[in-house]
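J.: Coordinates in run_29.txt, compact mmCIF, N, CA and C atoms, are listed below.
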# COMPACT_ATOMS: atom_id res chain seq x y z
N MET K 1 176.43 60.20 95.24
CA MET K 1 175.01 60.34 95.22
C MET K 1 174.61 61.22 94.04
N GLU K 2 173.56 60.81 93.42
CA GLU K 2 172.99 61.59 92.32
C GLU K 2 171.64 62.14 92.80
N ILE K 3 171.46 63.44 92.69
CA ILE K 3 170.20 64.07 93.10
C ILE K 3 169.15 63.75 92.05
N LYS K 4 168.01 63.22 92.50
CA LYS K 4 166.95 62.77 91.59
C LYS K 4 165.67 63.60 91.69
N SER K 5 165.67 64.64 92.51
CA SER K 5 164.45 65.44 92.64
C SER K 5 164.80 66.88 92.95
N LYS K 6 163.80 67.71 92.88
CA LYS K 6 163.96 69.08 93.36
C LYS K 6 164.00 69.03 94.88
N SER K 7 164.52 70.07 95.48
CA SER K 7 164.57 70.11 96.94
C SER K 7 163.16 70.20 97.50
N PHE K 8 163.00 69.65 98.70
CA PHE K 8 161.73 69.74 99.41
C PHE K 8 162.01 69.82 100.90
N THR K 9 161.06 70.27 101.65
CA THR K 9 161.19 70.37 103.10
C THR K 9 160.51 69.18 103.74
N ASP K 10 161.22 68.56 104.66
CA ASP K 10 160.69 67.43 105.41
C ASP K 10 161.22 67.57 106.83
N GLU K 11 160.34 67.75 107.78
CA GLU K 11 160.76 67.97 109.16
C GLU K 11 160.87 66.69 109.97
N THR K 12 160.78 65.53 109.31
CA THR K 12 160.98 64.26 109.99
C THR K 12 162.43 64.22 110.50
N PRO K 13 162.65 64.04 111.80
CA PRO K 13 164.02 64.06 112.33
C PRO K 13 164.89 62.94 111.75
N ILE K 14 166.10 63.29 111.37
CA ILE K 14 167.09 62.32 110.91
C ILE K 14 168.37 62.45 111.73
N PHE K 15 168.85 63.67 111.85
CA PHE K 15 170.15 63.91 112.48
C PHE K 15 170.04 64.28 113.95
N GLN K 16 168.89 64.79 114.38
CA GLN K 16 168.64 65.11 115.77
C GLN K 16 167.22 64.67 116.09
N GLU K 17 167.03 64.15 117.31
CA GLU K 17 165.70 63.63 117.67
C GLU K 17 164.62 64.70 117.64
N GLU K 18 164.99 65.92 118.02
CA GLU K 18 164.02 67.02 118.03
C GLU K 18 164.65 68.24 117.39
N ASN K 19 163.83 69.03 116.73
CA ASN K 19 164.27 70.27 116.10
C ASN K 19 165.47 70.06 115.17
N ASP K 20 165.41 69.04 114.36
CA ASP K 20 166.48 68.76 113.40
C ASP K 20 166.60 69.95 112.45
N PRO K 21 167.78 70.60 112.41
CA PRO K 21 167.90 71.78 111.55
C PRO K 21 168.04 71.44 110.06
N PHE K 22 168.26 70.16 109.75
CA PHE K 22 168.51 69.76 108.37
C PHE K 22 167.22 69.23 107.74
N VAL K 23 166.37 70.15 107.35
CA VAL K 23 165.05 69.79 106.83
C VAL K 23 164.94 69.92 105.31
N LEU K 24 165.93 70.51 104.68
CA LEU K 24 165.93 70.61 103.22
C LEU K 24 166.47 69.29 102.68
N ARG K 25 165.67 68.59 101.90
CA ARG K 25 166.01 67.24 101.47
C ARG K 25 165.91 67.11 99.96
N PHE K 26 166.46 66.01 99.45
CA PHE K 26 166.42 65.64 98.04
C PHE K 26 166.22 64.14 97.95
N LYS K 27 165.59 63.68 96.90
CA LYS K 27 165.59 62.25 96.58
C LYS K 27 166.93 61.99 95.90
N VAL K 28 167.60 60.91 96.28
CA VAL K 28 168.93 60.63 95.74
C VAL K 28 169.03 59.18 95.27
N ASN K 29 170.02 58.96 94.45
CA ASN K 29 170.35 57.63 93.96
C ASN K 29 171.84 57.39 94.25
N PRO K 30 172.18 56.33 95.00
CA PRO K 30 173.60 56.07 95.26
C PRO K 30 174.30 55.63 93.97
N LEU K 31 175.41 56.25 93.65
CA LEU K 31 176.18 55.88 92.46
C LEU K 31 177.16 54.76 92.77
N VAL K 32 177.55 54.65 94.03
CA VAL K 32 178.45 53.59 94.47
C VAL K 32 177.90 53.03 95.77
N TRP K 33 177.75 51.71 95.82
CA TRP K 33 177.33 51.04 97.04
C TRP K 33 178.20 49.80 97.17
N LEU K 34 179.15 49.83 98.08
CA LEU K 34 180.12 48.75 98.21
C LEU K 34 179.81 47.83 99.38
N PRO K 35 180.04 46.52 99.20
CA PRO K 35 179.96 45.62 100.35
C PRO K 35 181.01 46.06 101.37
N LEU K 36 180.76 45.80 102.63
CA LEU K 36 181.63 46.27 103.70
C LEU K 36 183.10 45.90 103.50
N LYS K 37 183.37 44.67 103.08
CA LYS K 37 184.77 44.25 102.90
C LYS K 37 185.42 44.86 101.66
N LYS K 38 184.65 45.56 100.86
CA LYS K 38 185.19 46.25 99.68
C LYS K 38 185.31 47.75 99.93
N ALA K 39 184.83 48.21 101.07
CA ALA K 39 184.89 49.64 101.40
C ALA K 39 186.35 50.03 101.64
N ILE K 40 186.74 51.16 101.12
CA ILE K 40 188.13 51.62 101.23
C ILE K 40 188.33 52.23 102.61
N PRO K 41 189.25 51.67 103.41
CA PRO K 41 189.49 52.24 104.74
C PRO K 41 190.14 53.61 104.65
N ILE K 42 189.73 54.50 105.52
CA ILE K 42 190.30 55.84 105.52
C ILE K 42 191.80 55.81 105.79
N LYS K 43 192.27 54.78 106.49
CA LYS K 43 193.70 54.69 106.81
C LYS K 43 194.51 54.00 105.71
N ASP K 44 193.88 53.68 104.59
CA ASP K 44 194.62 53.20 103.42
C ASP K 44 195.58 54.32 103.03
N GLU K 45 196.82 53.98 102.76
CA GLU K 45 197.87 54.98 102.53
C GLU K 45 197.48 56.00 101.45
N ALA K 46 196.89 55.53 100.37
CA ALA K 46 196.51 56.44 99.27
C ALA K 46 195.46 57.45 99.71
N ILE K 47 194.59 57.06 100.61
CA ILE K 47 193.54 57.95 101.10
C ILE K 47 194.11 58.88 102.17
N TRP K 48 194.76 58.28 103.16
CA TRP K 48 195.24 59.02 104.33
C TRP K 48 196.17 60.17 103.95
N LYS K 49 197.09 59.90 103.03
CA LYS K 49 198.08 60.93 102.71
C LYS K 49 197.54 62.04 101.79
N TYR K 50 196.30 61.87 101.30
CA TYR K 50 195.74 62.88 100.40
C TYR K 50 194.72 63.81 101.07
N LEU K 51 193.84 63.25 101.89
CA LEU K 51 192.75 64.05 102.45
C LEU K 51 193.28 65.20 103.30
N SER K 52 192.66 66.35 103.13
CA SER K 52 193.14 67.56 103.82
C SER K 52 193.11 67.42 105.33
N PHE K 53 192.19 66.62 105.87
CA PHE K 53 192.06 66.52 107.32
C PHE K 53 192.78 65.31 107.92
N THR K 54 193.50 64.53 107.09
CA THR K 54 194.28 63.40 107.62
C THR K 54 195.76 63.47 107.24
N LYS K 55 196.09 64.12 106.15
CA LYS K 55 197.45 64.03 105.60
C LYS K 55 198.55 64.46 106.55
N ASP K 56 198.27 65.34 107.49
CA ASP K 56 199.30 65.80 108.42
C ASP K 56 199.22 65.12 109.78
N LEU K 57 198.39 64.08 109.87
CA LEU K 57 198.21 63.39 111.15
C LEU K 57 198.86 62.02 111.13
N PRO K 58 199.33 61.55 112.28
CA PRO K 58 199.78 60.15 112.35
C PRO K 58 198.53 59.25 112.27
N LYS K 59 198.68 58.05 111.76
CA LYS K 59 197.52 57.17 111.59
C LYS K 59 196.86 56.77 112.91
N GLU K 60 197.58 56.90 114.02
CA GLU K 60 197.00 56.57 115.31
C GLU K 60 196.05 57.66 115.80
N SER K 61 196.10 58.82 115.19
CA SER K 61 195.32 59.97 115.62
C SER K 61 193.83 59.74 115.43
N LYS K 62 193.05 60.35 116.30
CA LYS K 62 191.59 60.33 116.19
C LYS K 62 191.06 61.72 115.82
N HIS K 63 191.96 62.67 115.57
CA HIS K 63 191.55 64.04 115.30
C HIS K 63 190.81 64.21 113.97
N TRP K 64 190.81 63.24 113.10
CA TRP K 64 190.11 63.31 111.83
C TRP K 64 188.63 63.00 111.97
N THR K 65 188.24 62.36 113.06
CA THR K 65 186.88 61.83 113.17
C THR K 65 185.79 62.90 113.15
N TYR K 66 186.11 64.11 113.59
CA TYR K 66 185.11 65.17 113.58
C TYR K 66 184.59 65.44 112.17
N MET K 67 185.43 65.24 111.16
CA MET K 67 185.00 65.49 109.78
C MET K 67 184.07 64.41 109.26
N VAL K 68 184.17 63.23 109.83
CA VAL K 68 183.42 62.09 109.32
C VAL K 68 182.19 61.77 110.16
N PHE K 69 182.32 61.89 111.46
CA PHE K 69 181.24 61.43 112.35
C PHE K 69 180.35 62.54 112.89
N SER K 70 180.63 63.78 112.59
CA SER K 70 179.76 64.84 113.08
C SER K 70 178.63 65.08 112.08
N SER K 71 177.67 65.88 112.48
CA SER K 71 176.52 66.13 111.61
C SER K 71 176.98 66.69 110.27
N PRO K 72 176.11 66.79 109.31
CA PRO K 72 176.55 67.21 107.98
C PRO K 72 177.51 68.41 108.04
N ARG K 73 178.57 68.28 107.29
CA ARG K 73 179.59 69.34 107.29
C ARG K 73 180.13 69.48 105.88
N LEU K 74 180.55 70.68 105.56
CA LEU K 74 181.10 70.97 104.25
C LEU K 74 182.55 70.50 104.18
N TRP K 75 182.84 69.67 103.19
CA TRP K 75 184.21 69.19 102.98
C TRP K 75 184.85 69.99 101.86
N PRO K 76 186.17 70.09 101.86
CA PRO K 76 186.84 70.74 100.73
C PRO K 76 186.51 70.01 99.42
N LYS K 77 186.29 70.77 98.37
CA LYS K 77 185.92 70.19 97.07
C LYS K 77 186.96 69.19 96.59
N SER K 78 188.24 69.49 96.83
CA SER K 78 189.30 68.57 96.37
C SER K 78 189.20 67.21 97.06
N ASP K 79 188.82 67.19 98.35
CA ASP K 79 188.63 65.92 99.05
C ASP K 79 187.47 65.15 98.44
N CYS K 80 186.39 65.86 98.17
CA CYS K 80 185.20 65.22 97.59
C CYS K 80 185.49 64.62 96.22
N GLU K 81 186.16 65.37 95.37
CA GLU K 81 186.49 64.88 94.02
C GLU K 81 187.43 63.69 94.09
N PHE K 82 188.39 63.74 95.00
CA PHE K 82 189.34 62.64 95.17
C PHE K 82 188.61 61.36 95.60
N LEU K 83 187.74 61.48 96.61
CA LEU K 83 187.02 60.30 97.09
C LEU K 83 186.03 59.77 96.07
N GLU K 84 185.37 60.67 95.35
CA GLU K 84 184.44 60.23 94.31
C GLU K 84 185.18 59.40 93.25
N LYS K 85 186.32 59.90 92.81
CA LYS K 85 187.11 59.18 91.81
C LYS K 85 187.55 57.81 92.35
N GLY K 86 188.00 57.78 93.59
CA GLY K 86 188.43 56.52 94.20
C GLY K 86 187.30 55.54 94.36
N LEU K 87 186.13 56.01 94.76
CA LEU K 87 184.98 55.13 94.94
C LEU K 87 184.47 54.58 93.61
N LEU K 88 184.45 55.41 92.59
CA LEU K 88 184.02 54.93 91.27
C LEU K 88 184.99 53.88 90.73
N LYS K 89 186.27 54.09 90.98
CA LYS K 89 187.29 53.12 90.57
C LYS K 89 187.11 51.81 91.35
N GLN K 90 186.86 51.91 92.65
CA GLN K 90 186.67 50.72 93.48
C GLN K 90 185.41 49.97 93.08
N ARG K 91 184.38 50.67 92.64
CA ARG K 91 183.15 50.01 92.17
C ARG K 91 183.46 49.04 91.04
N GLU K 92 184.43 49.39 90.20
CA GLU K 92 184.81 48.54 89.07
C GLU K 92 185.81 47.46 89.48
N ARG K 93 186.78 47.82 90.28
CA ARG K 93 187.87 46.90 90.64
C ARG K 93 187.49 45.92 91.74
N LEU K 94 186.72 46.40 92.72
CA LEU K 94 186.28 45.60 93.87
C LEU K 94 187.44 44.92 94.61
N VAL K 95 188.43 45.70 94.97
CA VAL K 95 189.56 45.21 95.76
C VAL K 95 189.07 44.88 97.16
N ASP K 96 189.54 43.75 97.70
CA ASP K 96 189.22 43.39 99.08
C ASP K 96 190.09 44.16 100.05
N TYR K 97 189.49 44.60 101.15
CA TYR K 97 190.22 45.23 102.26
C TYR K 97 189.90 44.41 103.50
N PRO K 98 190.75 43.42 103.79
CA PRO K 98 190.47 42.53 104.93
C PRO K 98 190.39 43.32 106.24
N PHE K 99 189.52 42.85 107.12
CA PHE K 99 189.37 43.48 108.42
C PHE K 99 190.50 43.06 109.35
N THR K 100 190.89 43.97 110.22
CA THR K 100 191.82 43.62 111.29
C THR K 100 191.01 42.91 112.37
N GLU K 101 191.71 42.32 113.32
CA GLU K 101 191.02 41.68 114.44
C GLU K 101 190.19 42.71 115.21
N GLU K 102 190.74 43.91 115.34
CA GLU K 102 190.03 44.99 116.03
C GLU K 102 188.76 45.37 115.27
N ASP K 103 188.84 45.43 113.94
CA ASP K 103 187.66 45.73 113.12
C ASP K 103 186.57 44.68 113.34
N GLU K 104 186.99 43.42 113.34
CA GLU K 104 186.03 42.32 113.52
C GLU K 104 185.31 42.46 114.86
N LYS K 105 186.05 42.80 115.91
CA LYS K 105 185.44 42.96 117.23
C LYS K 105 184.44 44.11 117.23
N LYS K 106 184.79 45.21 116.58
CA LYS K 106 183.88 46.36 116.51
C LYS K 106 182.59 45.99 115.77
N LEU K 107 182.71 45.21 114.73
CA LEU K 107 181.54 44.82 113.96
C LEU K 107 180.63 43.89 114.75
N LYS K 108 181.21 43.16 115.68
CA LYS K 108 180.44 42.20 116.47
C LYS K 108 179.89 42.81 117.76
N SER K 109 180.21 44.06 118.04
CA SER K 109 179.76 44.69 119.29
C SER K 109 178.25 44.82 119.28
N PRO K 110 177.57 43.93 120.00
CA PRO K 110 176.11 44.01 120.02
C PRO K 110 175.63 45.14 120.92
N LYS K 111 174.49 45.68 120.57
CA LYS K 111 173.86 46.73 121.37
C LYS K 111 172.52 46.22 121.84
N ILE K 112 172.16 46.65 123.01
CA ILE K 112 170.82 46.34 123.50
C ILE K 112 170.11 47.64 123.80
N ARG K 113 168.81 47.63 123.63
CA ARG K 113 168.01 48.84 123.87
C ARG K 113 167.47 48.78 125.29
N LEU K 114 167.72 49.84 126.03
CA LEU K 114 167.18 49.98 127.37
C LEU K 114 165.86 50.72 127.28
N THR K 115 165.34 51.13 128.41
CA THR K 115 164.09 51.88 128.39
C THR K 115 164.22 53.10 127.50
N GLY K 116 163.16 53.42 126.81
CA GLY K 116 163.19 54.53 125.88
C GLY K 116 164.00 54.18 124.65
N LYS K 117 164.81 55.13 124.20
CA LYS K 117 165.60 54.92 122.99
C LYS K 117 167.07 54.70 123.30
N LYS K 118 167.44 54.67 124.57
CA LYS K 118 168.85 54.55 124.94
C LYS K 118 169.36 53.15 124.60
N GLU K 119 170.52 53.10 123.92
CA GLU K 119 171.17 51.84 123.60
C GLU K 119 172.52 51.78 124.28
N ILE K 120 172.92 50.58 124.69
CA ILE K 120 174.26 50.41 125.23
C ILE K 120 174.92 49.25 124.51
N THR K 121 176.23 49.29 124.43
CA THR K 121 176.99 48.20 123.84
C THR K 121 177.36 47.23 124.93
N VAL K 122 177.17 45.97 124.64
CA VAL K 122 177.55 44.93 125.60
C VAL K 122 178.71 44.14 125.02
N SER K 123 179.51 43.56 125.88
CA SER K 123 180.62 42.74 125.39
C SER K 123 180.32 41.28 125.66
N ILE K 124 180.71 40.46 124.72
CA ILE K 124 180.53 39.02 124.83
C ILE K 124 181.92 38.41 124.84
N PRO K 125 182.23 37.56 125.82
CA PRO K 125 183.57 36.97 125.88
C PRO K 125 183.89 36.18 124.61
N ASP K 126 185.17 36.13 124.26
CA ASP K 126 185.61 35.33 123.13
C ASP K 126 185.20 33.89 123.36
N GLU K 127 184.99 33.15 122.26
CA GLU K 127 184.62 31.74 122.38
C GLU K 127 185.67 30.96 123.16
N GLU K 128 186.95 31.24 122.87
CA GLU K 128 188.03 30.54 123.56
C GLU K 128 187.96 30.79 125.05
N ALA K 129 187.71 32.01 125.44
CA ALA K 129 187.65 32.35 126.85
C ALA K 129 186.47 31.67 127.53
N SER K 130 185.34 31.57 126.85
CA SER K 130 184.16 30.96 127.47
C SER K 130 184.29 29.45 127.58
N ASP K 131 185.18 28.82 126.82
CA ASP K 131 185.39 27.38 126.90
C ASP K 131 186.27 26.98 128.08
N LYS K 132 187.01 27.94 128.60
CA LYS K 132 187.95 27.63 129.68
C LYS K 132 187.24 27.79 131.03
N PRO K 133 187.44 26.84 131.94
CA PRO K 133 186.81 26.98 133.25
C PRO K 133 187.44 28.13 134.03
N ASP K 134 186.64 28.75 134.87
CA ASP K 134 187.12 29.85 135.71
C ASP K 134 187.58 29.26 137.04
N HIS K 135 188.88 29.27 137.28
CA HIS K 135 189.45 28.70 138.49
C HIS K 135 189.75 29.77 139.52
N SER K 136 189.30 30.98 139.30
CA SER K 136 189.64 32.07 140.22
C SER K 136 188.99 31.90 141.59
N GLU K 137 187.91 31.09 141.69
CA GLU K 137 187.25 30.92 142.97
C GLU K 137 187.77 29.70 143.72
N LEU K 138 188.70 28.95 143.15
CA LEU K 138 189.21 27.73 143.81
C LEU K 138 190.18 28.04 144.91
Take the structure from the file and write it as structure tokens.
T.:
Amino acid sequence: MEIKSKSFTDETPIFQEENDPFVLRFKVNPLVWLPLKKAIPIKDEAIWKYLSFTKDLPKESKHWTYMVFSSPRLWPKSDCEFLEKGLLKQRERLVDYPFTEEDEKKLKSPKIRLTGKKEITVSIPDEEASDKPDHSEL
């Protein structure tokens, strides 16, 4: 991201529905915007073995997610520089990273909105499964 403006205060909630503590904002310009299938997976060997919060973990671990999925957090500068370099390189190379079957299922997980703002994920049976008759009641 490239900062394109001076800082300003905006209390419009982004990270929390009420009393969002992150009100200092900037206008930004994305320097890299990759299509989903070109996005570098965190479990790619070159990424996983370098990042400070993944390098000592087995790939099956979920202990790294707090660094990525929690509200804004300060990352080590070396991690940031490493990822920036990798993303800029990927912007030029555009290597494909095929999805696993599990990735495909996660991408297809539809959500429905209930009363208010609550959303839930629903599951839809595989096409193959829905084509087969259910003989469990026979």
J.: If I take CA of Glu84 (chain K) and CA of Leu57 (chain K), how far is one from the other in Å, to one decimal?
T.: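 CA of Leu57 (chain K) lies at a distance of 22.0 Å from CA of Glu84 (chain K).
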J.: When you count all atoms listed in the file, which of these residues is closest to Lys43 (chain K): K:Trp64, K:Leu31, K:Lys111, K:Lys59?
T.: K:Lys59
J.: Got a sec: who's within 6.5 Å of Val32 (chain K), counting only N, CA and C atoms, leaving out chain neighbours fewer than 6 positions off, as a ChimeraX atom specification?
T.: /K:1,87,91
J.: How far is it from CA of Lys106 (chain K) to atom C of Glu119 (chain K), in Å with one decimal?
T.: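 Taking CA of Lys106 (chain K) and atom C of Glu119 (chain K), their separation equals 14.8 Å.
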J.: I'd like to know which residues of chain K are strand (DSSP E) (by DSSP, run on the backbone); could you write them as an mmCIF file with N, CA and C atoms, keeping the file's coordinate frame?
T.:
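Generated file (selection-v2.cif):
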data_model
loop_
_atom_site.group_PDB
_atom_site.id
_atom_site.type_symbol
_atom_site.label_atom_id
_atom_site.label_comp_id
_atom_site.auth_asym_id
_atom_site.auth_seq_id
_atom_site.Cartn_x
_atom_site.Cartn_y
_atom_site.Cartn_z
ATOM 1 N N GLU K 2 173.560 60.810 93.420
ATOM 2 C CA GLU K 2 172.990 61.590 92.320
ATOM 3 C C GLU K 2 171.640 62.140 92.800
ATOM 4 N N ILE K 3 171.460 63.440 92.690
ATOM 5 C CA ILE K 3 170.200 64.070 93.100
ATOM 6 C C ILE K 3 169.150 63.750 92.050
ATOM 7 N N PHE K 8 163.000 69.650 98.700
ATOM 8 C CA PHE K 8 161.730 69.740 99.410
ATOM 9 C C PHE K 8 162.010 69.820 100.900
ATOM 10 N N THR K 9 161.060 70.270 101.650
ATOM 11 C CA THR K 9 161.190 70.370 103.100
ATOM 12 C C THR K 9 160.510 69.180 103.740
ATOM 13 N N LEU K 24 165.930 70.510 104.680
ATOM 14 C CA LEU K 24 165.930 70.610 103.220
ATOM 15 C C LEU K 24 166.470 69.290 102.680
ATOM 16 N N ARG K 25 165.670 68.590 101.900
ATOM 17 C CA ARG K 25 166.010 67.240 101.470
ATOM 18 C C ARG K 25 165.910 67.110 99.960
ATOM 19 N N VAL K 28 167.600 60.910 96.280
ATOM 20 C CA VAL K 28 168.930 60.630 95.740
ATOM 21 C C VAL K 28 169.030 59.180 95.270
ATOM 22 N N ASN K 29 170.020 58.960 94.450
ATOM 23 C CA ASN K 29 170.350 57.630 93.960
ATOM 24 C C ASN K 29 171.840 57.390 94.250
ATOM 25 N N LYS K 111 174.490 45.680 120.570
ATOM 26 C CA LYS K 111 173.860 46.730 121.370
ATOM 27 C C LYS K 111 172.520 46.220 121.840
ATOM 28 N N ILE K 112 172.160 46.650 123.010
ATOM 29 C CA ILE K 112 170.820 46.340 123.500
ATOM 30 C C ILE K 112 170.110 47.640 123.800
ATOM 31 N N ARG K 113 168.810 47.630 123.630
ATOM 32 C CA ARG K 113 168.010 48.840 123.870
ATOM 33 C C ARG K 113 167.470 48.780 125.290
ATOM 34 N N GLU K 119 170.520 53.100 123.920
ATOM 35 C CA GLU K 119 171.170 51.840 123.600
ATOM 36 C C GLU K 119 172.520 51.780 124.280
ATOM 37 N N ILE K 120 172.920 50.580 124.690
ATOM 38 C CA ILE K 120 174.260 50.410 125.230
ATOM 39 C C ILE K 120 174.920 49.250 124.510
ATOM 40 N N THR K 121 176.230 49.290 124.430
ATOM 41 C CA THR K 121 176.990 48.200 123.840
ATOM 42 C C THR K 121 177.360 47.230 124.930
#
J.: When distances are computed from all atoms listed in the file, which of K:Leu34, K:Leu51, K:Leu24, K:Ile14 shows the smallest separation from Ser78 (chain K)?
T.: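 Of the candidates, the smallest distance to Ser78 (chain K) is held by K:Leu51.
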J.: In Å, rounded to a single decimal, give me how far CA of Lys37 (chain K) is from atom C of Asp103 (chain K).
T.: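 Computed distance, atom C of Asp103 (chain K) to CA of Lys37 (chain K), equals 10.6 Å.
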